[in-house]
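Undergrad: Below you'll find the structure I mean.
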Amino acid sequence: MDSLTAEMDQPRVGHDVVASARDEWLTVMAWRIGITVVGLGIWEGISGRLVKPFWISSPSAIFEQLAGWYESGDLWMHIEITMTETILGFVFGAVSGVTFGLALGLNKRLAAVLDPFVVAFYSLPKIALAPLFILWFGVGLLSKVVMATFVVFFLVFYNTYAGTLAVEQELVDVLRLMGATRWQIVRKVILPSVLLWIFTGMKISVPYALIGAVVGEMMASNKGLGYLIQASAGQYDTAGVFAALFVLMIIATGLHELLKQSEKLMLRWKEEST
Amino acid sequence: MNPLIEYRGIARRFTTRRGTVTACENVDLTVNEGEFLAIVGPSGCGKSTLLNMAAGLLQPSAGAVFYRGDKVPEPNTRVGYMTQRDTLLPWRTVEDNVAIALELRGQDRATRLRMAHDWLHRVGLMGFEKAYPGQLSGGMRRRVSMARTLAYEPETILMDEPFGALDAQLRLVMHDELLKLWAATKTTMVFVTHDLTEAVTLADRVAVFSPRPGRIRAIETVDLPRPRDVFRIRFDPRFGALHDRLWGYLEENVREGVRVG
């Protein structure tokens with residue numbers, strides 16, 4: 001009799017655990033939605049009553065602005081430009097950063113020789129190079145791609161290089177004793193162990209790629225979200241500035257999520273170990 | 001018996017910011033082919049240093065180490081090394097970890113996995129082939145390490161306190177497994193530990209070291225018959241006598257250590 005009741009209790013306990021986890025999730029979601037609604041409500045409420053719309057615009061005006069850009073087709077055009085610059089900059093920067101980081105990490109002499117130059121360039125605020133790039137590569141797409149590439153390159157390079165230095169010597173030694181060649185050690189120990197660092201570098205550099213592209217656009221261009229912000233502000237169009245910022249926020253969040261998912265796929269061993 | 005590893009007049013000094021530390025000195029030691037030699041001594045007496053030298057990962061400051069009559073190459077690919085710390089590759093599954101040495105030798109995947117599964121079976125880890133090391137307990141990871149080291153049949157196996165982190169019961173189980181696996185392969189074993197009972201249970205000969213700078217205090221032959229029952233052998237009177245005698249060499253140092261520390 002006892003064992004029967006115990007068995008009957010079993011699934012109910014499991015069910016309760018699942019249910020309480022779902023309840024927890026629903027509560028969290030409800031709070032999030034609540035905060036968003038209340039926040040937007042307060043914003044809408046004080047705009048035009050307590051604070052002039054000139055300063056803070058209002059959610060409805062921003063929505064109208066977005067709808068207007070959407071209908072005219074401007075929205076997609078600007079998004080496409082900024083995304084192209086960001087993605088190209090990210091890809092070029094990441095590829096060159098990983099390559100250069102591994103080259104220095106695997107070649108101690110090269111690393112020693114280039115160290116002061118790398119540090120000097122790394123310390124330089126990359127954004128300060130934007131005017132120079134515009135001067136060299138014009139006001140079009142290219143100067144922004146170069147800008148984003150440059151920013152991403154240093155972040156990814158630095159992480160990759162640090163990753164090669166952090167490879168556990170004991171792991172390398174064990175494989176050397178098994179008779180592994182230099183190339184086998186690179187492929188089977190160094191690369192997999194640096195991968196985690198490369199991903200960290202890439203993840204933190206995504207928003208910076210966007211920053212590089214947008215800053216370039218704000219300085220000199222006639223397209224892109226950075227241009228939209230700059231042009232709207234120039235016309236004292238606060239709703240336009242907020243609308244462009246909102247789009248940027250959505251894009252940045254989307255990119256971050258995308259990278260998080262791909263990291264999960266690539267580093268399955270880490271996911272399952274914890 | 002043929003000498004396999006010979007330490008001749010070895011000393012090893014390390015330079016630190018506080019000055020020079022001598023890990024070991026005046027070490028003359030011969031490891032014979034096919035024997036199970038245990039090196040016992042307090043921590044910091046340079047036991048691991050000796051293993052690193054046999055592996056060709058570290059050079060002596062004085063003297064020379066010979067392997068089959070020649071100077072030890074860097075690295076010495078005829079030895080397998082099982083260190084105190086975990087050196088499984090965390091991004092590889094258990095089976096791919098065990099199979100790695102054969103993979104390096106260009107064996108095809110089917111063959112090397114068959115071999116890996118065979119070894120996982122022997123160390124009682126069937127069903128965990130696809131797990132990652134991070135999902136296993138400490139004892140299971142040690143078993144995988146052992147399987148990986150034995151699987152590619154190196155001529156000599158160096159073990160540096162391989163079971164130091166395990167609890168006493170599990171350690172006995174591992175001793176039992178190790179002796180059974182070793183009996184089947186007859187590999188030369190050099191086993192470093194600070195646990196005298198462990199040394200006497202496993203080895204053919206035990207070398208006792210003094211604290212830093214490490215020197216050989218005594219080398220004794222363990223005249224206990226094989227196969228040994230690791231769970232009962234501690235109660236054998238011959239075990240007790242030998243343990244007492246070896247303890248005599250260690251005791252002085254332990255007492256000194258208490259006074260100094």
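Identifiers in this document derive from the order of the structure tokens: chains are assigned A, B, ..., residues are numbered from 1 separately in each chain, and ligands are numbered from 1 in order of occurrence.
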Residues of chain A near chain B: apply a cut-off of 9 Å, count only C-alpha atoms, and supply the list as a list in words.

TA: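 Output check: Glu168, Glu170, Leu171, Asp173, Val174, Leu175, Arg176, Leu177, Met178, Gly179, Ala180, Thr181, Gln184, Lys188, Val189, Pro192, Ser193, Leu267, Arg268, Trp269, Lys270, Glu272, Ser273 and Thr274 of chain A.
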
Undergrad: For the structure I just gave you, how does DSSP split segment 109-175 of chain A - specifically, which residues are alpha helix (DSSP H)? Reply as an MDAnalysis selection string.

TA: chainID A and resid 109:123 130:137 141:165 169:175

Undergrad: Where does segment 17-98 of chain B meet segment 194-206 of chain B within 12 Å, residue by residue, with the nearest atom pair and distance in Å to one decimal for each, counting only C-alpha atoms, listed by chain and rising number, as CSV?

TA:
residue,atom,partner,partner_atom,distance
B:Leu29,CA,B:Val206,CA,11.3
B:Thr30,CA,B:Arg205,CA,10.9
B:Val31,CA,B:Arg205,CA,9.4
B:Asn32,CA,B:Arg205,CA,10.1
B:Glu33,CA,B:Asp204,CA,11.7
B:Gly34,CA,B:Asp204,CA,9.9
B:Glu35,CA,B:Asp204,CA,6.3
B:Phe36,CA,B:Ala203,CA,4.9
B:Leu37,CA,B:Arg205,CA,5.0
B:Ala38,CA,B:Val206,CA,4.8
B:Ile39,CA,B:Val206,CA,5.9
B:Val40,CA,B:His194,CA,5.1
B:Gly41,CA,B:His194,CA,5.2
B:Pro42,CA,B:His194,CA,5.7
B:Ser43,CA,B:His194,CA,6.8
B:Gly44,CA,B:His194,CA,10.1
B:Cys45,CA,B:His194,CA,10.0
B:Gly46,CA,B:His194,CA,11.5
B:Lys47,CA,B:His194,CA,9.3
B:Ser48,CA,B:His194,CA,11.0

Undergrad: Find the nearest atom pair between each residue of segment 55-121 of chain A and segment 25-42 of chain A for residues within 12 Å, count only C-alpha atoms, give distances in Å to one decimal, sort rows by chain and ascending number, and present the table as CSV.

TA:
residue,atom,partner,partner_atom,distance
A:Ile56,CA,A:Ile42,CA,11.8
A:Ser57,CA,A:Leu40,CA,11.6
A:Ser58,CA,A:Leu40,CA,8.4
A:Pro59,CA,A:Leu40,CA,6.5
A:Ser60,CA,A:Leu40,CA,9.3
A:Ala61,CA,A:Leu40,CA,11.9
A:Ile62,CA,A:Leu40,CA,11.3
A:Phe63,CA,A:Leu40,CA,11.7

Undergrad: Would you mind listing what lies within 6 Å of segment 156-167 of chain A as a list in words, with only C-alpha atoms counted and same-chain residues fewer than 6 positions away left out?

TA: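 Non-adjacent residues within range: Ala94, Gly97, Val98, Gly101, Gly105, Val194, Trp197, Ile198, Gly201 and Met202 of chain A.
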
Undergrad: For Tyr227 of chain A, list every protein, DNA or RNA residue within 9 Å, evaluated using only C-alpha atoms, and leave out those in the same chain fewer than 3 positions away; present the list as a compact mmCIF listing (two decimals) with C-alpha atoms, in the first residue's frame.

TA:
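What landed in part13.txt:
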# COMPACT_ATOMS: atom_id res chain seq x y z
CA HIS A 78 18.86 52.59 -44.09
CA VAL A 214 27.12 54.18 -37.05
CA VAL A 215 29.85 56.59 -35.95
CA GLY A 216 31.20 56.61 -39.50
CA GLU A 217 27.71 57.35 -40.80
CA MET A 218 27.21 60.14 -38.32
CA MET A 219 30.39 61.87 -39.43
CA ALA A 220 29.85 61.83 -43.14
CA SER A 221 27.26 59.98 -45.18
CA ASN A 222 23.82 60.24 -46.71
CA LYS A 223 22.53 56.79 -45.82
CA GLY A 224 22.26 54.44 -42.84
CA GLN A 230 22.34 62.80 -37.36
CA ALA A 231 19.91 64.16 -39.96
CA SER A 232 16.90 63.96 -37.59

Undergrad: From the options A:Leu141, A:Leu124, A:Ile87, A:Ile190, which residue's atoms come nearest to Pro207 of chain A, counting only C-alpha atoms?

TA: A:Ile87
